[in-house]
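Inspection log for the structure reproduced underneath, given as structure tokens.
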Amino acid sequence: MRRATSVFGWLAAAGLLAGLVMGFGVAPRETTQGNVQRIMYLHVPSVWVAYVAFAVVFVASIAYLARRAEAADRLAHASAEVGVLFTGLTIATGSIWGKPTWGTWWTWDARLTSVAILFVMYIGYLLLRGMIEERERAARYAAVLGIVAALNIPLVHFSVVWWRTLHQPPSLMKPGGSAMPGIMIVALVVNFVAFSLLYVYFVAKRARLLRLEEEAAA
Amino acid sequence: MNRRTKFLAGGGVIAAALAYMIYAGVTQSAVYFVTPAELQAAPVPGKAYRLGGVVARGSLKWEARTLDLSFALSDGKATVPVRHKGTPPDLFGEGRGAVVEGSWSPEGYFKASLILAKHSEEYKAPHDGGQAGYKELIKTLKGESR
């Protein structure tokens with residue numbers, strides 16, 4: 001198990017290196033925005049990992065309520081922490097992208113507002129876990145919140161389609177095909193894979209640490 | 001009322017409150033900007049607006065010495081003259097999307113305090129030629145369905 005985790009770690013490191021080379025070297029300079037558009041290769045994979053992380057919290061929370069397996073609860077806890085980290089990275093890279101292109105670091109359009117709500121809700125999830133001393137009760141309450149908060153994910157994703165926003169609509173899952181050249185998609189996919197490997201590595205490490213903490217406390 | 005009922009009722013109240021907060025938060029910013037046609041239908045002088053449209057070709061004037069910027073925003077149905085003092089973002093230009101914050105002046109123009117450039121979801125490599133996706137962007141600003 002530990003061997004498998006470190007394999008994921010090394011693969012993630014190699015993937016991130018390849019992703020940097022693809023995004024900042026191989027992919028062409030975008031015509032309208034120039035080099036600043038390259039931050040897309042970090043911004044979009046970050047939000048992808050956040051979506052995946054919170055989807056895992058959702059599934060693990062249901063599994064915990066059904067089976068009461070502590071491993072499922074540790075998975076939800078670890079995944080929520082990593083999801084909050086990557087939501088933060090999404091907001092930071094988005095701000096850095098927004099300033100030179102839109103002309104502002106932040107604005108309250110439906111996409112940015114819904115992401116801010118997502119971020120705050122999962123910070124609340126972690127606070128709730130920390131507030132309750134009793135192991136079983138903390139896990140039960142967190143599982144309920146982990147299921148409810150997942151409703152935010154489709155809201156964030158479709159906000160740019162349902163409402164009038166400053167943020168542009170999706171480029172990859174656009175009806176009628178993607179809106180960028182193949183080489184940009186390849187660079188993006190390399191980063192998607194690298195970020196996903198990093199997610200697996202972080203969650204595996206964190207879940208193990210949570211188990212060791214529990215064993216030490218017992 | 002036993003504990004289980006209390007727990008369910010409490011949970012229901014919390015879930016409803018959360019749902020309301022999300023709903024209220026998002027609908028407030030759901031219409032991020034009004035279009036030139038919507039503004040011209042009923043302009044209220046002094047009220048704060050965000051106005052979004054395409055910068056009309058041939059309308060952009062910039063006095064670099066005094067930083068006086070004037071242009072017209074259009075959605076294909078109506079055109080609104082806009083004035084601003086300051087430097088626009090790099091992506092701002094004729095034939096491109098923009099959202100401006102400010103108010104309607106009784107003298108018949110939109111007084112902008114902040115200019116935001118709206119970019120399209122299309123990305124292009126240099127050899128593809130032309131500018132990325134502005135036809136599509138103009139369509140969305142005109143309120144046509146995608």
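Residue numbering restarts at 1 for every chain of the structure tokens, chains are lettered A, B, ... in their displayed order, and ligands are numbered from 1 as they appear.
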Notebook entry, point to check: Counting only C-alpha atoms, what is within 10 Å of range 39-48 of chain B, bar same-chain residues fewer than 5 positions away, as a ChimeraX atom specification?
Noted result: /B:33-34,78-80,101-112
Check: Can you list, as a ChimeraX atom specification, every protein, DNA or RNA residue that comes within 9 Å of Tyr201 in chain A when you count only C-alpha atoms, leaving out same-chain residues fewer than 3 positions away?
Finding: /A:5-9,12,196-198,204-206
Selection file, N, CA and C atoms, as a CSV table (one decimal), in the first residue's frame:
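Generated output (out-v1.csv):
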chain,number,residue,atom,x,y,z
A,5,THR,N,1.6,4.0,-3.0
A,5,THR,CA,1.4,5.5,-2.8
A,5,THR,C,2.6,6.2,-3.3
A,6,SER,N,3.8,5.7,-3.0
A,6,SER,CA,5.0,6.4,-3.5
A,6,SER,C,5.1,6.3,-5.0
A,7,VAL,N,4.7,5.3,-5.6
A,7,VAL,CA,4.7,5.2,-7.1
A,7,VAL,C,3.8,6.3,-7.6
A,8,PHE,N,2.6,6.5,-7.0
A,8,PHE,CA,1.7,7.6,-7.5
A,8,PHE,C,2.4,9.0,-7.3
A,9,GLY,N,3.2,9.1,-6.2
A,9,GLY,CA,3.9,10.4,-5.9
A,9,GLY,C,4.9,10.7,-7.0
A,12,ALA,N,3.2,11.5,-10.3
A,12,ALA,CA,2.7,12.8,-10.3
A,12,ALA,C,3.8,13.9,-10.5
A,196,SER,N,-4.4,14.8,-11.3
A,196,SER,CA,-5.2,13.7,-10.8
A,196,SER,C,-4.3,12.7,-10.0
A,197,LEU,N,-3.1,12.4,-10.5
A,197,LEU,CA,-2.1,11.6,-9.8
A,197,LEU,C,-1.7,12.2,-8.5
A,198,LEU,N,-1.5,13.5,-8.5
A,198,LEU,CA,-1.2,14.3,-7.3
A,198,LEU,C,-2.3,14.2,-6.3
A,204,ALA,N,-4.1,9.6,-0.4
A,204,ALA,CA,-3.6,8.3,0.2
A,204,ALA,C,-2.7,8.6,1.4
A,205,LYS,N,-1.8,9.6,1.3
A,205,LYS,CA,-1.0,10.0,2.4
A,205,LYS,C,-1.8,10.5,3.6
A,206,ARG,N,-2.7,11.4,3.3
A,206,ARG,CA,-3.5,12.0,4.3
A,206,ARG,C,-4.4,11.0,5.1
All residues 12 Å or closer to Val49 in chain A, only C-alpha atoms, same chain fewer than 5 positions away omitted, as a compact mmCIF listing (two decimals) with N, CA and C atoms, in the first residue's frame:
# COMPACT_ATOMS: atom_id res chain seq x y z
N LEU A 42 -2.94 25.44 -15.47
CA LEU A 42 -2.98 25.19 -14.03
C LEU A 42 -4.39 25.39 -13.48
N HIS A 43 -5.08 26.40 -14.00
CA HIS A 43 -6.40 26.78 -13.48
C HIS A 43 -7.44 25.68 -13.70
N VAL A 44 -7.54 25.18 -14.91
CA VAL A 44 -8.58 24.20 -15.24
C VAL A 44 -8.33 22.85 -14.56
N PHE A 54 -14.50 16.61 -4.17
CA PHE A 54 -15.78 16.76 -3.49
C PHE A 54 -16.77 15.66 -3.91
N ALA A 55 -16.62 15.15 -5.13
CA ALA A 55 -17.44 14.01 -5.54
C ALA A 55 -17.07 12.78 -4.71
N VAL A 56 -15.77 12.62 -4.43
CA VAL A 56 -15.32 11.50 -3.58
C VAL A 56 -15.85 11.67 -2.16
N SER A 79 -10.13 13.68 1.49
CA SER A 79 -10.50 14.22 0.19
C SER A 79 -11.02 15.66 0.31
N ALA A 80 -11.75 15.94 1.39
CA ALA A 80 -12.26 17.30 1.59
C ALA A 80 -11.11 18.29 1.77
N GLU A 81 -10.09 17.87 2.54
CA GLU A 81 -8.94 18.75 2.75
C GLU A 81 -8.24 19.06 1.44
N VAL A 82 -8.01 18.03 0.63
CA VAL A 82 -7.33 18.23 -0.66
C VAL A 82 -8.21 19.08 -1.59
N GLY A 83 -9.53 18.85 -1.53
CA GLY A 83 -10.46 19.64 -2.34
C GLY A 83 -10.41 21.12 -2.00
N VAL A 84 -10.36 21.43 -0.70
CA VAL A 84 -10.26 22.83 -0.27
C VAL A 84 -8.96 23.45 -0.79
N LEU A 85 -7.87 22.69 -0.70
CA LEU A 85 -6.58 23.18 -1.21
C LEU A 85 -6.69 23.54 -2.69
N PHE A 86 -7.28 22.64 -3.49
CA PHE A 86 -7.33 22.89 -4.93
C PHE A 86 -8.38 23.94 -5.31
N THR A 87 -9.44 24.08 -4.49
CA THR A 87 -10.37 25.19 -4.73
C THR A 87 -9.64 26.52 -4.51
N GLY A 88 -8.82 26.56 -3.46
CA GLY A 88 -8.01 27.76 -3.20
C GLY A 88 -7.07 28.06 -4.36
N LEU A 89 -6.44 27.01 -4.90
CA LEU A 89 -5.54 27.20 -6.05
C LEU A 89 -6.31 27.70 -7.27
N THR A 90 -7.55 27.18 -7.44
CA THR A 90 -8.38 27.62 -8.56
C THR A 90 -8.66 29.12 -8.45
N ILE A 153 -21.58 21.47 -6.74
CA ILE A 153 -20.68 21.20 -7.88
C ILE A 153 -21.37 21.48 -9.23
N ASN A 191 -1.76 17.84 -18.09
CA ASN A 191 -1.89 18.44 -16.76
C ASN A 191 -3.04 17.85 -15.97
N PHE A 192 -4.14 17.49 -16.66
CA PHE A 192 -5.25 16.82 -16.00
C PHE A 192 -4.77 15.53 -15.35
N VAL A 193 -4.00 14.73 -16.11
CA VAL A 193 -3.49 13.45 -15.61
C VAL A 193 -2.55 13.69 -14.42
N ALA A 194 -1.62 14.66 -14.58
CA ALA A 194 -0.64 14.94 -13.52
C ALA A 194 -1.35 15.38 -12.24
N PHE A 195 -2.31 16.28 -12.37
CA PHE A 195 -3.02 16.78 -11.18
C PHE A 195 -3.83 15.66 -10.53
N SER A 196 -4.41 14.77 -11.35
CA SER A 196 -5.19 13.67 -10.80
C SER A 196 -4.29 12.72 -10.01
N LEU A 197 -3.09 12.44 -10.54
CA LEU A 197 -2.14 11.59 -9.82
C LEU A 197 -1.75 12.23 -8.50
N LEU A 198 -1.52 13.55 -8.53
CA LEU A 198 -1.16 14.28 -7.33
C LEU A 198 -2.29 14.18 -6.29
N TYR A 199 -3.54 14.26 -6.78
CA TYR A 199 -4.70 14.13 -5.90
C TYR A 199 -4.68 12.77 -5.19
N VAL A 200 -4.48 11.70 -5.97
CA VAL A 200 -4.46 10.34 -5.39
C VAL A 200 -3.36 10.24 -4.35
N PHE A 202 -1.87 12.67 -2.56
CA PHE A 202 -2.19 13.46 -1.36
C PHE A 202 -3.23 12.76 -0.49
N VAL A 203 -4.30 12.27 -1.12
CA VAL A 203 -5.39 11.66 -0.35
C VAL A 203 -4.91 10.37 0.33
Checklist line | Selection near range 166-171 of chain A, 8 Å with only C-alpha atoms, sequence-local residues under 6 positions removed, as a list in words | finding: Asp109, Arg111, Leu112, Val160, Ser178, Ala179 and Met180 of chain A; Tyr32, Val99, Lys118, His119, Ser120, Glu121 and Glu122 of chain B
Output the selection as a PDB file, in the first residue's frame - N, CA and C atoms for each residue.
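This went into out_3.pdb:
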ATOM      1  N   ASP A 109     -19.680  37.804 -10.127  1.00  0.00           N
ATOM      2  CA  ASP A 109     -20.572  37.205 -11.128  1.00  0.00           C
ATOM      3  C   ASP A 109     -20.949  35.799 -10.639  1.00  0.00           C
ATOM      4  N   ARG A 111     -20.346  32.733 -11.580  1.00  0.00           N
ATOM      5  CA  ARG A 111     -19.308  31.713 -11.480  1.00  0.00           C
ATOM      6  C   ARG A 111     -18.425  31.949 -10.258  1.00  0.00           C
ATOM      7  N   LEU A 112     -17.949  33.171 -10.102  1.00  0.00           N
ATOM      8  CA  LEU A 112     -17.035  33.461  -8.997  1.00  0.00           C
ATOM      9  C   LEU A 112     -17.756  33.358  -7.656  1.00  0.00           C
ATOM     10  N   VAL A 160     -22.079  29.346 -15.622  1.00  0.00           N
ATOM     11  CA  VAL A 160     -21.750  30.175 -16.788  1.00  0.00           C
ATOM     12  C   VAL A 160     -22.695  29.928 -17.964  1.00  0.00           C
ATOM     13  N   SER A 178     -14.871  21.073 -29.071  1.00  0.00           N
ATOM     14  CA  SER A 178     -14.006  21.928 -28.270  1.00  0.00           C
ATOM     15  C   SER A 178     -13.568  23.175 -29.035  1.00  0.00           C
ATOM     16  N   ALA A 179     -13.205  24.200 -28.269  1.00  0.00           N
ATOM     17  CA  ALA A 179     -12.928  25.499 -28.855  1.00  0.00           C
ATOM     18  C   ALA A 179     -11.450  25.863 -28.781  1.00  0.00           C
ATOM     19  N   MET A 180     -10.579  24.861 -28.955  1.00  0.00           N
ATOM     20  CA  MET A 180      -9.147  25.187 -28.976  1.00  0.00           C
ATOM     21  C   MET A 180      -8.401  24.178 -29.830  1.00  0.00           C
TER      22      MET A 180
ATOM     23  N   TYR B  32     -25.459  39.468 -14.252  1.00  0.00           N
ATOM     24  CA  TYR B  32     -24.244  40.204 -13.911  1.00  0.00           C
ATOM     25  C   TYR B  32     -24.248  41.583 -14.568  1.00  0.00           C
ATOM     26  N   VAL B  99     -17.627  44.793 -20.248  1.00  0.00           N
ATOM     27  CA  VAL B  99     -18.638  45.067 -19.227  1.00  0.00           C
ATOM     28  C   VAL B  99     -18.153  46.296 -18.471  1.00  0.00           C
ATOM     29  N   LYS B 118     -14.414  41.296 -21.552  1.00  0.00           N
ATOM     30  CA  LYS B 118     -14.962  39.939 -21.498  1.00  0.00           C
ATOM     31  C   LYS B 118     -14.308  39.161 -22.618  1.00  0.00           C
ATOM     32  N   HIS B 119     -13.676  38.026 -22.275  1.00  0.00           N
ATOM     33  CA  HIS B 119     -13.057  37.272 -23.372  1.00  0.00           C
ATOM     34  C   HIS B 119     -13.851  36.015 -23.692  1.00  0.00           C
ATOM     35  N   SER B 120     -13.633  35.495 -24.890  1.00  0.00           N
ATOM     36  CA  SER B 120     -14.448  34.364 -25.336  1.00  0.00           C
ATOM     37  C   SER B 120     -13.828  33.068 -24.826  1.00  0.00           C
ATOM     38  N   GLU B 121     -14.566  31.954 -24.972  1.00  0.00           N
ATOM     39  CA  GLU B 121     -14.073  30.666 -24.503  1.00  0.00           C
ATOM     40  C   GLU B 121     -13.241  29.971 -25.583  1.00  0.00           C
ATOM     41  N   GLU B 122     -12.994  30.669 -26.697  1.00  0.00           N
ATOM     42  CA  GLU B 122     -12.216  30.043 -27.767  1.00  0.00           C
ATOM     43  C   GLU B 122     -10.766  30.488 -27.704  1.00  0.00           C
TER      44      GLU B 122
END
Proximity of chain A to chain B: per-residue shortest pair, 8 Å limit, only C-alpha atoms, as a Markdown table:
| residue | atom | partner | partner_atom | distance |
| --- | --- | --- | --- | --- |
| A:Pro28 | CA | B:Ala125 | CA | 5.6 |
| A:Arg29 | CA | B:Ala125 | CA | 6.3 |
| A:Glu30 | CA | B:Ala125 | CA | 5.2 |
| A:Thr31 | CA | B:Pro126 | CA | 5.2 |
| A:Thr32 | CA | B:Gln131 | CA | 6.1 |
| A:Gln33 | CA | B:Leu91 | CA | 7.0 |
| A:Pro100 | CA | B:Pro89 | CA | 6.8 |
| A:Thr101 | CA | B:Leu91 | CA | 5.8 |
| A:Trp102 | CA | B:Ala117 | CA | 4.5 |
| A:Gly103 | CA | B:Pro89 | CA | 5.1 |
| A:Thr104 | CA | B:Leu116 | CA | 7.1 |
| A:Trp108 | CA | B:Ser29 | CA | 6.3 |
| A:Asp109 | CA | B:Ser29 | CA | 5.4 |
| A:Ala110 | CA | B:Ala30 | CA | 5.3 |
| A:Thr113 | CA | B:Val26 | CA | 6.7 |
| A:Ser114 | CA | B:Val26 | CA | 6.7 |
| A:Ile117 | CA | B:Ile22 | CA | 7.4 |
| A:Val148 | CA | B:Ala15 | CA | 7.5 |
| A:Trp163 | CA | B:Ala30 | CA | 5.3 |
| A:Arg164 | CA | B:Val31 | CA | 5.4 |
| A:Thr165 | CA | B:Tyr32 | CA | 5.4 |
| A:Leu166 | CA | B:Lys118 | CA | 6.0 |
| A:His167 | CA | B:Lys118 | CA | 7.4 |
| A:Gln168 | CA | B:Glu121 | CA | 5.3 |
| A:Pro169 | CA | B:Glu121 | CA | 6.0 |
| A:Pro170 | CA | B:Glu121 | CA | 6.5 |
| A:Ser171 | CA | B:Glu121 | CA | 5.2 |
| A:Ala179 | CA | B:Glu122 | CA | 4.7 |
| A:Met180 | CA | B:Tyr123 | CA | 4.8 |
| A:Pro181 | CA | B:Lys124 | CA | 6.3 |
Check: Pick from B:Arg65, B:Lys77, B:Arg57, B:Arg4: nearest to Glu38 in chain B, with only C-alpha atoms counted?
Finding: B:Lys77
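Note that the spacing between CA of Ala207 in chain A and CA of Met1 in chain A amounts to 11.9 Å.
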Check: How would you write, as a PyMOL selection string, the set of residues in range 6-209 of chain A that DSSP gives as alpha helix (DSSP H)?
Finding: chain A and resi 6-21+40-67+70-101+110-131+135-149+152-162+182-209
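For the atom pair formed by CA of Glu214 in chain A and CA of Leu126 in chain A, the distance is 16.9 Å, given to one decimal.
Residue nearest Gly124 in chain A, chosen from A:Ala71, A:Ala50, A:Ala149, A:Ile185 and counting only C-alpha atoms: A:Ala149.
CA of Ser61 in chain A sits 6.3 Å away from CA of Ala76 in chain A.
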Margin query: With only C-alpha atoms as the counted atoms, please give the residues lying no more than 8 Å from Val54 in chain B, apart from itself and same-chain residues fewer than 5 positions off, as an MDAnalysis selection string.
Written below: chainID B and resid 73:75 94:98 138 141
Written file, previous selection with N, CA and C atoms, as an mmCIF file, in the first residue's frame:
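result18.cif was written with the following content:
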data_model
loop_
_atom_site.group_PDB
_atom_site.id
_atom_site.type_symbol
_atom_site.label_atom_id
_atom_site.label_comp_id
_atom_site.auth_asym_id
_atom_site.auth_seq_id
_atom_site.Cartn_x
_atom_site.Cartn_y
_atom_site.Cartn_z
ATOM 1 N N LEU B 73 -21.195 51.004 -26.639
ATOM 2 C CA LEU B 73 -21.453 49.583 -26.432
ATOM 3 C C LEU B 73 -22.746 49.207 -27.140
ATOM 4 N N SER B 74 -22.685 48.091 -27.866
ATOM 5 C CA SER B 74 -23.839 47.701 -28.673
ATOM 6 C C SER B 74 -24.199 46.251 -28.419
ATOM 7 N N ASP B 75 -25.484 45.913 -28.558
ATOM 8 C CA ASP B 75 -25.893 44.506 -28.500
ATOM 9 C C ASP B 75 -26.618 44.121 -29.785
ATOM 10 N N GLU B 94 -12.064 47.559 -30.048
ATOM 11 C CA GLU B 94 -13.244 47.579 -30.915
ATOM 12 C C GLU B 94 -13.582 46.171 -31.385
ATOM 13 N N GLY B 95 -14.859 45.873 -31.434
ATOM 14 C CA GLY B 95 -15.312 44.563 -31.897
ATOM 15 C C GLY B 95 -15.171 43.480 -30.835
ATOM 16 N N ARG B 96 -14.785 43.865 -29.613
ATOM 17 C CA ARG B 96 -14.646 42.878 -28.536
ATOM 18 C C ARG B 96 -15.664 43.145 -27.431
ATOM 19 N N GLY B 97 -15.872 42.152 -26.580
ATOM 20 C CA GLY B 97 -16.841 42.274 -25.496
ATOM 21 C C GLY B 97 -16.294 43.074 -24.334
ATOM 22 N N ALA B 98 -17.148 43.839 -23.677
ATOM 23 C CA ALA B 98 -16.743 44.577 -22.492
ATOM 24 C C ALA B 98 -17.928 44.727 -21.551
ATOM 25 N N ILE B 138 -20.198 37.735 -29.523
ATOM 26 C CA ILE B 138 -21.166 38.763 -29.877
ATOM 27 C C ILE B 138 -22.575 38.170 -29.832
ATOM 28 N N LEU B 141 -23.732 38.051 -26.331
ATOM 29 C CA LEU B 141 -24.041 39.380 -25.810
ATOM 30 C C LEU B 141 -25.353 39.899 -26.370
#
Next item on the list: Show which residues sit within 12 Å of Phe58 in chain A, as an MDAnalysis selection string. Count only C-alpha atoms, and ignore same-chain residues fewer than 5 positions away.
Entry: chainID A and resid 51:53 63:65 72:73 75:77 79:80 83 122 142:153
Keeping only N, CA and C atoms, take the residues you just selected and write them out as a PDB file, in the first residue's frame.
ATOM      1  N   TYR A  51     -13.435  19.350  -8.124  1.00  0.00           N
ATOM      2  CA  TYR A  51     -14.690  18.638  -8.428  1.00  0.00           C
ATOM      3  C   TYR A  51     -14.575  17.170  -8.027  1.00  0.00           C
ATOM      4  N   VAL A  52     -13.482  16.516  -8.457  1.00  0.00           N
ATOM      5  CA  VAL A  52     -13.290  15.092  -8.164  1.00  0.00           C
ATOM      6  C   VAL A  52     -13.237  14.868  -6.651  1.00  0.00           C
ATOM      7  N   ALA A  53     -12.482  15.726  -5.951  1.00  0.00           N
ATOM      8  CA  ALA A  53     -12.311  15.571  -4.504  1.00  0.00           C
ATOM      9  C   ALA A  53     -13.663  15.639  -3.792  1.00  0.00           C
ATOM     10  N   ALA A  63     -21.284   6.089   1.715  1.00  0.00           N
ATOM     11  CA  ALA A  63     -20.768   4.777   2.120  1.00  0.00           C
ATOM     12  C   ALA A  63     -20.638   4.697   3.638  1.00  0.00           C
ATOM     13  N   TYR A  64     -20.182   5.799   4.262  1.00  0.00           N
ATOM     14  CA  TYR A  64     -20.037   5.781   5.718  1.00  0.00           C
ATOM     15  C   TYR A  64     -21.389   5.626   6.402  1.00  0.00           C
ATOM     16  N   LEU A  65     -22.386   6.392   5.931  1.00  0.00           N
ATOM     17  CA  LEU A  65     -23.710   6.319   6.559  1.00  0.00           C
ATOM     18  C   LEU A  65     -24.331   4.935   6.382  1.00  0.00           C
ATOM     19  N   ALA A  72     -14.066   4.728   5.263  1.00  0.00           N
ATOM     20  CA  ALA A  72     -14.818   5.606   4.362  1.00  0.00           C
ATOM     21  C   ALA A  72     -14.823   7.032   4.902  1.00  0.00           C
ATOM     22  N   ASP A  73     -14.948   7.157   6.220  1.00  0.00           N
ATOM     23  CA  ASP A  73     -14.941   8.487   6.842  1.00  0.00           C
ATOM     24  C   ASP A  73     -13.577   9.162   6.691  1.00  0.00           C
ATOM     25  N   LEU A  75     -11.459   8.610   4.312  1.00  0.00           N
ATOM     26  CA  LEU A  75     -11.333   8.985   2.898  1.00  0.00           C
ATOM     27  C   LEU A  75     -12.052  10.312   2.635  1.00  0.00           C
ATOM     28  N   ALA A  76     -13.279  10.456   3.184  1.00  0.00           N
ATOM     29  CA  ALA A  76     -14.035  11.699   2.997  1.00  0.00           C
ATOM     30  C   ALA A  76     -13.274  12.880   3.595  1.00  0.00           C
ATOM     31  N   HIS A  77     -12.734  12.687   4.800  1.00  0.00           N
ATOM     32  CA  HIS A  77     -11.998  13.753   5.488  1.00  0.00           C
ATOM     33  C   HIS A  77     -10.776  14.185   4.672  1.00  0.00           C
ATOM     34  N   SER A  79     -10.126  13.680   1.493  1.00  0.00           N
ATOM     35  CA  SER A  79     -10.497  14.220   0.189  1.00  0.00           C
ATOM     36  C   SER A  79     -11.018  15.659   0.307  1.00  0.00           C
ATOM     37  N   ALA A  80     -11.755  15.943   1.391  1.00  0.00           N
ATOM     38  CA  ALA A  80     -12.260  17.300   1.589  1.00  0.00           C
ATOM     39  C   ALA A  80     -11.112  18.293   1.775  1.00  0.00           C
ATOM     40  N   GLY A  83      -9.535  18.849  -1.525  1.00  0.00           N
ATOM     41  CA  GLY A  83     -10.459  19.642  -2.344  1.00  0.00           C
ATOM     42  C   GLY A  83     -10.414  21.121  -1.999  1.00  0.00           C
ATOM     43  N   TYR A 122     -16.927  23.957   2.231  1.00  0.00           N
ATOM     44  CA  TYR A 122     -16.034  22.860   2.603  1.00  0.00           C
ATOM     45  C   TYR A 122     -15.069  23.250   3.713  1.00  0.00           C
ATOM     46  N   ALA A 142     -20.533  15.102   9.698  1.00  0.00           N
ATOM     47  CA  ALA A 142     -19.746  15.490   8.526  1.00  0.00           C
ATOM     48  C   ALA A 142     -20.281  14.802   7.272  1.00  0.00           C
ATOM     49  N   ALA A 143     -20.704  13.537   7.428  1.00  0.00           N
ATOM     50  CA  ALA A 143     -21.208  12.799   6.261  1.00  0.00           C
ATOM     51  C   ALA A 143     -22.450  13.481   5.689  1.00  0.00           C
ATOM     52  N   VAL A 144     -23.350  13.959   6.588  1.00  0.00           N
ATOM     53  CA  VAL A 144     -24.564  14.635   6.122  1.00  0.00           C
ATOM     54  C   VAL A 144     -24.185  15.909   5.354  1.00  0.00           C
ATOM     55  N   LEU A 145     -23.273  16.707   5.927  1.00  0.00           N
ATOM     56  CA  LEU A 145     -22.843  17.933   5.255  1.00  0.00           C
ATOM     57  C   LEU A 145     -22.105  17.624   3.947  1.00  0.00           C
ATOM     58  N   GLY A 146     -21.305  16.559   3.958  1.00  0.00           N
ATOM     59  CA  GLY A 146     -20.564  16.163   2.757  1.00  0.00           C
ATOM     60  C   GLY A 146     -21.481  15.801   1.606  1.00  0.00           C
ATOM     61  N   ILE A 147     -22.682  15.279   1.949  1.00  0.00           N
ATOM     62  CA  ILE A 147     -23.656  14.939   0.902  1.00  0.00           C
ATOM     63  C   ILE A 147     -24.369  16.205   0.412  1.00  0.00           C
ATOM     64  N   VAL A 148     -24.803  17.061   1.354  1.00  0.00           N
ATOM     65  CA  VAL A 148     -25.544  18.275   0.987  1.00  0.00           C
ATOM     66  C   VAL A 148     -24.672  19.228   0.158  1.00  0.00           C
ATOM     67  N   ALA A 149     -23.416  19.413   0.594  1.00  0.00           N
ATOM     68  CA  ALA A 149     -22.544  20.404  -0.046  1.00  0.00           C
ATOM     69  C   ALA A 149     -22.207  20.040  -1.486  1.00  0.00           C
ATOM     70  N   ALA A 150     -22.313  18.745  -1.828  1.00  0.00           N
ATOM     71  CA  ALA A 150     -21.983  18.323  -3.195  1.00  0.00           C
ATOM     72  C   ALA A 150     -22.944  18.911  -4.221  1.00  0.00           C
ATOM     73  N   LEU A 151     -24.133  19.366  -3.753  1.00  0.00           N
ATOM     74  CA  LEU A 151     -25.094  19.996  -4.666  1.00  0.00           C
ATOM     75  C   LEU A 151     -24.491  21.225  -5.343  1.00  0.00           C
ATOM     76  N   ASN A 152     -23.456  21.788  -4.717  1.00  0.00           N
ATOM     77  CA  ASN A 152     -22.798  22.966  -5.265  1.00  0.00           C
ATOM     78  C   ASN A 152     -22.050  22.709  -6.561  1.00  0.00           C
ATOM     79  N   ILE A 153     -21.577  21.465  -6.743  1.00  0.00           N
ATOM     80  CA  ILE A 153     -20.682  21.204  -7.880  1.00  0.00           C
ATOM     81  C   ILE A 153     -21.367  21.484  -9.228  1.00  0.00           C
TER      82      ILE A 153
END
